[in-house]
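What follows is the content of input-v3.txt (compact mmCIF, C-alpha atoms and all ligand atoms).
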# COMPACT_ATOMS: atom_id res chain seq x y z
CA MET H 245 -50.11 42.88 27.23
CA THR H 246 -47.89 39.83 27.57
CA ASP H 247 -47.51 37.57 24.56
CA VAL H 248 -48.50 33.97 25.29
CA VAL H 249 -47.02 32.82 22.00
CA ARG H 250 -44.13 34.57 20.31
CA LEU H 251 -42.65 33.76 16.90
CA ASP H 252 -39.40 35.46 15.94
CA ALA H 253 -38.07 35.25 12.38
CA VAL H 254 -39.63 31.82 11.91
CA SER H 255 -38.90 30.18 8.58
CA LYS H 256 -40.00 26.74 7.46
CA VAL H 257 -38.68 25.03 4.38
CA TYR H 258 -40.13 21.70 3.28
CA GLY H 259 -37.90 19.45 1.16
CA THR H 260 -34.43 20.19 -0.13
CA GLY H 261 -32.69 21.34 -3.31
CA GLN H 262 -34.84 21.87 -6.38
CA SER H 263 -38.01 20.68 -4.64
CA ALA H 264 -37.60 22.94 -1.55
CA VAL H 265 -40.73 24.93 -0.64
CA ALA H 266 -40.49 27.94 1.68
CA ALA H 267 -43.79 27.69 3.59
CA LEU H 268 -42.91 30.44 6.12
CA ARG H 269 -40.41 33.23 5.55
CA GLU H 270 -39.06 35.06 8.60
CA VAL H 271 -42.43 35.38 10.29
CA THR H 272 -42.49 37.45 13.47
CA ALA H 273 -45.72 37.65 15.48
CA GLY H 274 -46.93 37.85 19.05
CA ILE H 275 -50.22 36.50 20.40
CA PRO H 276 -51.30 38.58 23.41
CA GLN H 277 -52.75 36.85 26.46
CA GLY H 278 -56.57 36.82 26.42
CA SER H 279 -56.88 37.67 22.72
CA PHE H 280 -58.68 36.03 19.81
CA THR H 281 -56.56 35.87 16.65
CA ALA H 282 -57.60 34.61 13.22
CA VAL H 283 -55.01 33.52 10.67
CA MET H 284 -56.12 33.94 7.07
CA GLY H 285 -54.59 33.87 3.62
CA PRO H 286 -54.89 32.23 0.23
CA SER H 287 -54.51 28.48 -0.15
CA GLY H 288 -50.86 27.52 0.25
CA SER H 289 -49.94 30.81 1.98
CA GLY H 290 -48.62 29.01 5.07
CA LYS H 291 -51.55 29.12 7.52
CA SER H 292 -51.32 25.47 8.61
CA THR H 293 -47.55 25.69 8.81
CA PHE H 294 -47.86 28.80 11.00
CA LEU H 295 -50.30 26.99 13.31
CA HIS H 296 -48.19 23.83 13.44
CA CYS H 297 -44.99 25.75 14.25
CA ALA H 298 -46.72 27.98 16.83
CA ALA H 299 -48.27 24.92 18.53
CA GLY H 300 -45.12 22.81 18.60
CA LEU H 301 -46.59 20.27 16.16
CA ASP H 302 -43.83 21.00 13.66
CA SER H 303 -40.40 22.56 14.16
CA PRO H 304 -39.25 25.60 12.22
CA SER H 305 -36.20 25.40 9.96
CA SER H 306 -34.94 28.56 11.69
CA GLY H 307 -36.15 31.16 14.13
CA SER H 308 -37.65 30.97 17.59
CA VAL H 309 -41.07 29.94 18.92
CA LYS H 310 -41.86 30.64 22.56
CA LEU H 311 -44.87 29.56 24.61
CA GLY H 312 -45.13 31.57 27.81
CA GLY H 313 -41.40 32.13 27.76
CA THR H 314 -40.51 28.47 27.02
CA GLU H 315 -38.44 28.07 23.86
CA LEU H 316 -39.95 25.30 21.69
CA SER H 317 -37.39 25.13 18.90
CA GLY H 318 -34.83 22.52 19.66
CA MET H 319 -37.06 20.71 22.15
CA ASP H 320 -37.19 16.93 21.66
CA GLU H 321 -40.45 15.21 20.69
CA THR H 322 -41.06 13.71 24.15
CA ARG H 323 -40.94 17.12 25.85
CA LEU H 324 -42.98 18.71 23.05
CA THR H 325 -45.70 16.07 23.42
CA LYS H 326 -45.86 16.69 27.16
CA LEU H 327 -45.94 20.45 26.65
CA ARG H 328 -48.73 20.20 24.05
CA ARG H 329 -50.78 17.95 26.32
CA GLN H 330 -50.43 20.17 29.38
CA ARG H 331 -50.23 23.70 28.03
CA ILE H 332 -52.03 23.80 24.66
CA GLY H 333 -55.60 23.03 23.63
CA PHE H 334 -56.55 21.96 20.11
CA VAL H 335 -59.84 22.14 18.20
CA PHE H 336 -59.96 20.58 14.74
CA GLN H 337 -62.35 20.81 11.81
CA ALA H 338 -63.30 17.13 12.17
CA PHE H 339 -63.91 17.34 15.97
CA ASN H 340 -61.63 14.29 16.57
CA LEU H 341 -63.74 12.81 19.36
CA VAL H 342 -63.51 9.18 20.42
CA PRO H 343 -66.82 7.57 19.28
CA ALA H 344 -66.95 4.94 22.03
CA LEU H 345 -66.54 7.46 24.86
CA THR H 346 -69.21 9.64 26.44
CA VAL H 347 -69.08 13.44 26.41
CA THR H 348 -67.55 13.51 29.90
CA GLU H 349 -65.02 10.81 29.03
CA ASN H 350 -64.01 12.67 25.85
CA ILE H 351 -63.60 15.95 27.72
CA THR H 352 -61.45 14.41 30.45
CA LEU H 353 -59.41 12.15 28.14
CA PRO H 354 -56.33 14.45 27.82
CA LEU H 355 -56.12 14.77 31.62
CA ARG H 356 -56.47 11.04 32.11
CA LEU H 357 -53.82 10.40 29.42
CA SER H 358 -51.37 12.58 31.28
CA GLY H 359 -52.25 10.89 34.59
CA SER H 360 -53.68 14.09 36.07
CA ARG H 361 -56.57 14.37 38.47
CA VAL H 362 -59.90 15.54 37.06
CA ASP H 363 -61.14 18.68 38.81
CA ARG H 364 -64.89 17.89 38.96
CA ALA H 365 -65.93 21.48 39.74
CA TRP H 366 -63.96 22.77 36.75
CA LEU H 367 -65.47 20.03 34.57
CA ARG H 368 -68.99 21.12 35.61
CA GLU H 369 -68.17 24.75 34.90
CA ILE H 370 -66.73 23.98 31.45
CA VAL H 371 -69.67 21.75 30.52
CA SER H 372 -72.06 24.50 31.52
CA ARG H 373 -70.12 27.25 29.73
CA VAL H 374 -70.10 25.35 26.44
CA GLY H 375 -73.81 24.54 26.81
CA LEU H 376 -73.62 20.77 27.23
CA ASP H 377 -75.58 20.40 30.48
CA GLY H 378 -77.75 17.30 30.21
CA ARG H 379 -75.62 15.80 27.44
CA THR H 380 -72.66 14.49 29.40
CA GLY H 381 -73.63 10.82 29.10
CA HIS H 382 -74.19 10.98 25.33
CA ARG H 383 -71.79 9.55 22.80
CA PRO H 384 -70.60 11.72 19.86
CA ALA H 385 -72.92 9.98 17.34
CA GLN H 386 -75.91 11.07 19.45
CA LEU H 387 -74.93 14.75 19.10
CA SER H 388 -75.23 17.33 16.31
CA GLY H 389 -72.07 18.65 14.62
CA GLY H 390 -72.26 21.86 16.64
CA GLN H 391 -72.61 19.94 19.89
CA GLN H 392 -69.67 17.71 18.95
CA GLN H 393 -67.53 20.79 18.38
CA ARG H 394 -68.63 22.09 21.80
CA VAL H 395 -67.33 18.85 23.29
CA ALA H 396 -64.03 19.38 21.49
CA ILE H 397 -63.85 22.97 22.81
CA ALA H 398 -64.60 21.74 26.33
CA ARG H 399 -61.89 19.10 25.98
CA ALA H 400 -59.44 21.80 24.83
CA LEU H 401 -60.29 23.98 27.86
CA MET H 402 -60.19 21.22 30.48
CA THR H 403 -56.42 21.38 31.05
CA ARG H 404 -56.57 25.21 31.52
CA PRO H 405 -54.22 25.63 28.54
CA GLU H 406 -52.23 28.79 27.92
CA VAL H 407 -53.59 28.90 24.37
CA VAL H 408 -56.22 27.11 22.29
CA PHE H 409 -55.40 26.56 18.61
CA GLY H 410 -58.23 25.95 16.16
CA ASP H 411 -57.64 24.52 12.68
CA GLU H 412 -60.73 25.54 10.68
CA PRO H 413 -62.92 24.83 13.74
CA THR H 414 -66.09 25.80 11.87
CA GLY H 415 -65.10 24.28 8.52
CA ALA H 416 -67.42 21.27 8.85
CA LEU H 417 -70.44 23.16 10.19
CA ASP H 418 -73.41 24.81 8.49
CA THR H 419 -73.60 28.61 8.62
CA MET H 420 -75.91 28.92 11.63
CA THR H 421 -74.07 26.30 13.70
CA ALA H 422 -70.72 27.85 12.75
CA ARG H 423 -71.92 31.22 14.13
CA GLU H 424 -72.90 29.59 17.43
CA VAL H 425 -69.47 27.97 17.75
CA LEU H 426 -67.78 31.30 16.92
CA ARG H 427 -69.87 33.05 19.57
CA LEU H 428 -68.77 30.38 22.02
CA LEU H 429 -65.10 30.91 21.13
CA ARG H 430 -65.61 34.66 21.57
CA GLU H 431 -67.19 34.01 24.98
CA VAL H 432 -64.29 31.74 25.96
CA VAL H 433 -61.96 34.69 25.31
CA ASP H 434 -64.15 37.41 26.86
CA GLY H 435 -65.58 35.45 29.79
CA MET H 436 -62.67 33.18 30.72
CA GLY H 437 -59.68 35.22 29.55
CA GLN H 438 -58.61 32.34 27.32
CA THR H 439 -56.26 32.97 24.39
CA VAL H 440 -57.51 31.57 21.07
CA VAL H 441 -55.75 31.36 17.69
CA MET H 442 -57.74 30.01 14.75
CA VAL H 443 -56.95 29.32 11.11
CA THR H 444 -59.93 29.98 8.86
CA HIS H 445 -60.90 30.52 5.23
CA ASP H 446 -64.08 32.34 6.19
CA PRO H 447 -64.05 36.18 6.49
CA VAL H 448 -67.17 36.02 8.70
CA ALA H 449 -65.37 33.65 11.09
CA ALA H 450 -62.34 35.95 11.07
CA SER H 451 -64.56 38.92 11.99
CA TYR H 452 -65.17 37.34 15.43
CA ALA H 453 -61.47 37.74 16.22
CA ASP H 454 -59.74 40.79 17.73
CA THR H 455 -56.94 40.58 15.20
CA VAL H 456 -56.55 38.96 11.79
CA LEU H 457 -53.09 37.99 10.61
CA LEU H 458 -53.06 37.80 6.82
CA LEU H 459 -50.51 35.50 5.27
CA ALA H 460 -49.41 35.48 1.65
CA ASP H 461 -46.58 33.41 0.27
CA GLY H 462 -45.25 32.55 3.73
CA ARG H 463 -45.19 36.13 5.03
CA ILE H 464 -47.50 38.19 7.22
CA VAL H 465 -48.62 40.87 4.78
CA ASP H 466 -51.24 42.57 6.95
CA THR H 467 -52.51 42.70 10.52
CA MET H 468 -56.11 43.87 10.87
CA THR H 469 -57.55 44.86 14.23
CA ALA H 470 -61.31 45.01 14.93
CA PRO H 471 -61.91 43.27 11.58
CA THR H 472 -65.22 43.24 9.76
CA SER H 473 -66.06 40.44 7.33
CA GLU H 474 -66.30 43.00 4.51
CA ARG H 475 -62.80 44.37 5.15
CA VAL H 476 -61.32 40.89 5.45
CA ALA H 477 -63.08 39.72 2.26
CA GLU H 478 -61.94 42.80 0.39
CA ARG H 479 -58.32 42.31 1.53
CA MET H 480 -58.43 38.63 0.58
CA THR H 481 -59.76 39.50 -2.87
CA ARG H 482 -56.92 41.94 -3.36
CA LEU H 483 -54.49 39.16 -2.44
CA GLY H 484 -55.99 37.16 -5.28
CA ALA H 485 -57.32 34.53 -2.90
CA TRP H 486 -60.58 34.04 -4.75
CA VAL H 487 -59.73 34.74 -8.38
N1 LIG A 501 -45.26 18.36 4.46
C1 LIG A 501 -45.04 19.16 3.41
N2 LIG A 501 -44.13 18.85 2.47
C2 LIG A 501 -43.89 19.68 1.44
N3 LIG A 501 -44.51 20.86 1.24
C3 LIG A 501 -45.43 21.22 2.14
C4 LIG A 501 -45.77 20.40 3.27
N4 LIG A 501 -46.71 21.03 3.98
C5 LIG A 501 -46.99 22.19 3.34
N5 LIG A 501 -46.21 22.31 2.23
C6 LIG A 501 -46.20 23.45 1.29
O1 LIG A 501 -45.99 24.63 2.04
C7 LIG A 501 -46.80 25.68 1.55
C8 LIG A 501 -47.71 26.19 2.68
O2 LIG A 501 -48.61 25.16 3.03
P1 LIG A 501 -49.73 25.30 4.16
O3 LIG A 501 -50.44 24.01 4.26
O4 LIG A 501 -49.10 25.86 5.39
O5 LIG A 501 -50.68 26.42 3.53
P2 LIG A 501 -52.19 26.82 3.92
O6 LIG A 501 -52.24 28.30 3.82
O7 LIG A 501 -52.55 26.21 5.22
O8 LIG A 501 -53.02 26.15 2.75
P3 LIG A 501 -54.56 25.67 2.69
O9 LIG A 501 -55.40 26.90 2.90
O10 LIG A 501 -54.69 25.15 1.29
O11 LIG A 501 -54.73 24.64 3.75
C9 LIG A 501 -47.57 25.12 0.37
O12 LIG A 501 -46.87 25.47 -0.80
C10 LIG A 501 -47.53 23.63 0.61
O13 LIG A 501 -47.60 22.93 -0.60

Would you put the structure from the file into structure tokens?
Amino acid sequence: MTDVVRLDAVSKVYGTGQSAVAALREVTAGIPQGSFTAVMGPSGSGKSTFLHCAAGLDSPSSGSVKLGGTELSGMDETRLTKLRRQRIGFVFQAFNLVPALTVTENITLPLRLSGSRVDRAWLREIVSRVGLDGRTGHRPAQLSGGQQQRVAIARALMTRPEVVFGDEPTGALDTMTAREVLRLLREVVDGMGQTVVMVTHDPVAASYADTVLLLADGRIVDTMTAPTSERVAERMTRLGAWV
């Protein structure tokens, strides 16, 4: 399978001299097209830094990050912003919807910001796939947390991105609602061939992924395929994540 995202020997150091912190140490990883990957690890292990470097939100101190063959390291901020807007989807813990806009307006906002035409048929399909039929005129405050996250997922999918990155996408949801959102992300991968990468603290969330990358102290220390929540939890405990 082709890798949509490829990190080669990526290191990230924050600060200099005595106060320097190595957040990522020579991380090499590939994210195959059409896969669902969870990134886990103890607090401070480098998960957010991994996501930010992989998504072009932060630049590595050394190493190479490629999105669909395009080298991101060394790219200036203007080109990175354009690339993120057109080729990457983001889903955040706090939904990040615009309160004054309707569901449809929120979903189409990234396209309108980049001056692109809105494909109405694609919009209808996305709305239906994420289960928001009949809600398109609502504003975020009129929706439940789970529905708001569905809007955010729809917004992320609207530009047909090469990869969707989720930063704790179920972190603000109750258990039942979180499961529904995870099932939706699974369906987005299985039914649409979308590639999804998600940072999570929750072994149950990670068990929805095809592969779990386990980070500890800025390194990938394990790669689990076909993960179960029990195996992930057990591995996290051995890493000292919950002691
Ligand atoms: N902007 C920054 N400046 C300095 N140090 C930073 C910065 N961002 C992260 N770090 C440090 O880099 C290391 C990795 O941080 P990161 O946020 O990637 O970990 P994480 O696994 O996402 O943690 P958490 O689960 O607590 O969110 C930590 O030691 C952190 O303190």

Neighbours of H:Thr403 within 7 Å (all atoms listed in the file; same-chain residues fewer than 3 positions away dropped), as a VMD selection string? chain H and resid 330 355 400

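The shell of residues at most 9 Å from H:Met442, with all atoms listed in the file counted and near chain neighbours (fewer than 3 positions) removed, consists of Phe280, Thr281, Ala282, Val283, Met284, Leu295, Val335, Val408, Phe409, Gly410, Asp411, Glu412, Pro413, Ala450 and Ala453 of chain H.
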
Using the selection just defined, write its residues with C-alpha atoms as a short mmCIF file (atom, residue, chain, number, x, y, z; two decimals), keeping the file's coordinate frame.
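Just written: selection_21.cif:
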data_model
loop_
_atom_site.label_atom_id
_atom_site.label_comp_id
_atom_site.auth_asym_id
_atom_site.auth_seq_id
_atom_site.Cartn_x
_atom_site.Cartn_y
_atom_site.Cartn_z
CA PHE H 280 -58.68 36.03 19.81
CA THR H 281 -56.56 35.87 16.65
CA ALA H 282 -57.60 34.61 13.22
CA VAL H 283 -55.01 33.52 10.67
CA MET H 284 -56.12 33.94 7.07
CA LEU H 295 -50.30 26.99 13.31
CA VAL H 335 -59.84 22.14 18.20
CA VAL H 408 -56.22 27.11 22.29
CA PHE H 409 -55.40 26.56 18.61
CA GLY H 410 -58.23 25.95 16.16
CA ASP H 411 -57.64 24.52 12.68
CA GLU H 412 -60.73 25.54 10.68
CA PRO H 413 -62.92 24.83 13.74
CA ALA H 450 -62.34 35.95 11.07
CA ALA H 453 -61.47 37.74 16.22
#

Give me, as JSON lines, the closest atom pair and its distance (Å, one decimal) for every residue of chain H within a cut-off of 9 Å of ligand LIG 501 (chain A), counting only C-alpha atoms and all ligand atoms, rows sorted by chain and rising number.
{"residue": "H:Lys256", "atom": "CA", "partner": "A:LIG501", "partner_atom": "O1", "distance": 8.3}
{"residue": "H:Val257", "atom": "CA", "partner": "A:LIG501", "partner_atom": "O1", "distance": 7.7}
{"residue": "H:Tyr258", "atom": "CA", "partner": "A:LIG501", "partner_atom": "C2", "distance": 4.6}
{"residue": "H:Gly259", "atom": "CA", "partner": "A:LIG501", "partner_atom": "C2", "distance": 6.0}
{"residue": "H:Ser263", "atom": "CA", "partner": "A:LIG501", "partner_atom": "C2", "distance": 8.5}
{"residue": "H:Ala264", "atom": "CA", "partner": "A:LIG501", "partner_atom": "C2", "distance": 7.7}
{"residue": "H:Val265", "atom": "CA", "partner": "A:LIG501", "partner_atom": "N3", "distance": 5.9}
{"residue": "H:Ala266", "atom": "CA", "partner": "A:LIG501", "partner_atom": "O1", "distance": 6.4}
{"residue": "H:Ala267", "atom": "CA", "partner": "A:LIG501", "partner_atom": "O1", "distance": 4.1}
{"residue": "H:Leu268", "atom": "CA", "partner": "A:LIG501", "partner_atom": "C8", "distance": 7.3}
{"residue": "H:Met284", "atom": "CA", "partner": "A:LIG501", "partner_atom": "O6", "distance": 7.6}
{"residue": "H:Gly285", "atom": "CA", "partner": "A:LIG501", "partner_atom": "O6", "distance": 6.0}
{"residue": "H:Pro286", "atom": "CA", "partner": "A:LIG501", "partner_atom": "O6", "distance": 5.9}
{"residue": "H:Ser287", "atom": "CA", "partner": "A:LIG501", "partner_atom": "O9", "distance": 3.5}
{"residue": "H:Gly288", "atom": "CA", "partner": "A:LIG501", "partner_atom": "O5", "distance": 3.5}
{"residue": "H:Ser289", "atom": "CA", "partner": "A:LIG501", "partner_atom": "O6", "distance": 3.9}
{"residue": "H:Gly290", "atom": "CA", "partner": "A:LIG501", "partner_atom": "O4", "distance": 3.2}
{"residue": "H:Lys291", "atom": "CA", "partner": "A:LIG501", "partner_atom": "O7", "distance": 3.8}
{"residue": "H:Ser292", "atom": "CA", "partner": "A:LIG501", "partner_atom": "O7", "distance": 3.7}
{"residue": "H:Thr293", "atom": "CA", "partner": "A:LIG501", "partner_atom": "O4", "distance": 3.8}
{"residue": "H:Phe294", "atom": "CA", "partner": "A:LIG501", "partner_atom": "O4", "distance": 6.5}
{"residue": "H:Leu295", "atom": "CA", "partner": "A:LIG501", "partner_atom": "O4", "distance": 8.1}
{"residue": "H:His296", "atom": "CA", "partner": "A:LIG501", "partner_atom": "O4", "distance": 8.4}
{"residue": "H:Val443", "atom": "CA", "partner": "A:LIG501", "partner_atom": "O7", "distance": 8.0}
{"residue": "H:Thr444", "atom": "CA", "partner": "A:LIG501", "partner_atom": "O9", "distance": 8.1}
{"residue": "H:His445", "atom": "CA", "partner": "A:LIG501", "partner_atom": "O9", "distance": 7.0}
{"residue": "H:Leu459", "atom": "CA", "partner": "A:LIG501", "partner_atom": "O6", "distance": 7.5}
{"residue": "H:Ala460", "atom": "CA", "partner": "A:LIG501", "partner_atom": "O6", "distance": 8.0}
{"residue": "H:Asp461", "atom": "CA", "partner": "A:LIG501", "partner_atom": "C8", "distance": 7.7}
{"residue": "H:Gly462", "atom": "CA", "partner": "A:LIG501", "partner_atom": "C8", "distance": 6.9}

Option closest in space to H:Asn340, from H:Val362, H:Leu311, H:Ala396, H:Leu387 [counting only C-alpha atoms]: H:Ala396

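The closest residue to H:Val374, picked from H:Thr414, H:Gln393, H:Thr246, H:Thr467 and counting all atoms listed in the file, is H:Gln393.
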
Let me have the centre and edge lengths of the axis-aligned box enclosing all listed atoms of stretch 461-472 of chain H with 5 Å padding on every side, in Å to one decimal, as AutoDock Vina command-line options.
--center_x -55.2 --center_y 38.8 --center_z 7.6 --size_x 30.0 --size_y 22.5 --size_z 24.7

Distance in Å - atom CA of H:Glu406 versus atom CA of H:Thr421: 26.2 Å

Could you work out how far atom CA of H:Thr314 lies from atom CA of H:Thr455, giving the answer in Å with one decimal? 23.6 Å

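With distances restricted to all atoms listed in the file, H:Gln391 is the closest residue to H:Leu341 from H:Gln391, H:Ser372, H:Ser317, H:Ser306.
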
Separation of atom CA of H:Thr322 from atom CA of H:Arg269, in Å and rounded to one decimal: 27.0 Å

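Within 10 Å of H:Ser303, once all atoms listed in the file are used and residues closer than 2 positions along the same chain are dropped, the contacting residues are Val254, Ser255, Lys256, Thr293, His296, Cys297, Ala298, Ala299, Gly300, Leu301, Ser305, Ser306, Gly307, Ser308, Val309, Leu316, Ser317, Gly318, Met319, Asp320 and Glu321 of chain H.
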
Please, which residues are within 7 Å of (-57.7, 41.4, 9.1) by the file's coordinates, counting all atoms listed in the file, and could they come as JSON, numbers by chain? {"H": [455, 456, 457, 458, 466, 467, 468, 469, 471, 476]}

Shortest interatomic distance to H:Gly378 - which of H:Leu324, H:Val347, H:Met420, H:Val342, counting all atoms listed in the file: H:Val347

Could you list, as an NGL selection string, every residue within 12 Å of H:Arg427, counting all atoms listed in the file and ignoring same-chain residues fewer than 2 positions away? :H and (280 or 373-375 or 390 or 394 or 414 or 420-425 or 429-435 or 448-453)

Generate a file of the selected residues that holds C-alpha atoms, formatted as a compact mmCIF listing (two decimals), in the frame of the given file.
# COMPACT_ATOMS: atom_id res chain seq x y z
CA PHE H 280 -58.68 36.03 19.81
CA ARG H 373 -70.12 27.25 29.73
CA VAL H 374 -70.10 25.35 26.44
CA GLY H 375 -73.81 24.54 26.81
CA GLY H 390 -72.26 21.86 16.64
CA ARG H 394 -68.63 22.09 21.80
CA THR H 414 -66.09 25.80 11.87
CA MET H 420 -75.91 28.92 11.63
CA THR H 421 -74.07 26.30 13.70
CA ALA H 422 -70.72 27.85 12.75
CA ARG H 423 -71.92 31.22 14.13
CA GLU H 424 -72.90 29.59 17.43
CA VAL H 425 -69.47 27.97 17.75
CA LEU H 429 -65.10 30.91 21.13
CA ARG H 430 -65.61 34.66 21.57
CA GLU H 431 -67.19 34.01 24.98
CA VAL H 432 -64.29 31.74 25.96
CA VAL H 433 -61.96 34.69 25.31
CA ASP H 434 -64.15 37.41 26.86
CA GLY H 435 -65.58 35.45 29.79
CA VAL H 448 -67.17 36.02 8.70
CA ALA H 449 -65.37 33.65 11.09
CA ALA H 450 -62.34 35.95 11.07
CA SER H 451 -64.56 38.92 11.99
CA TYR H 452 -65.17 37.34 15.43
CA ALA H 453 -61.47 37.74 16.22

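Residues within 8 Å of H:Arg329, counting all atoms listed in the file and excluding same-chain residues fewer than 3 positions away, are Thr325, Lys326, Ile332, Gly333, Pro354 and Ser358 of chain H.
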
Could you please give me, as a list in words, the residues of protein, DNA or RNA lying at most 8 Å from (-62.3, 38.4, 4.5) in the coordinate frame of the file, considering only C-alpha atoms? Asp446, Pro447, Val448, Ala450, Ser451, Thr472, Ser473, Glu474, Arg475, Val476, Ala477, Glu478, Arg479, Met480 and Thr481 of chain H
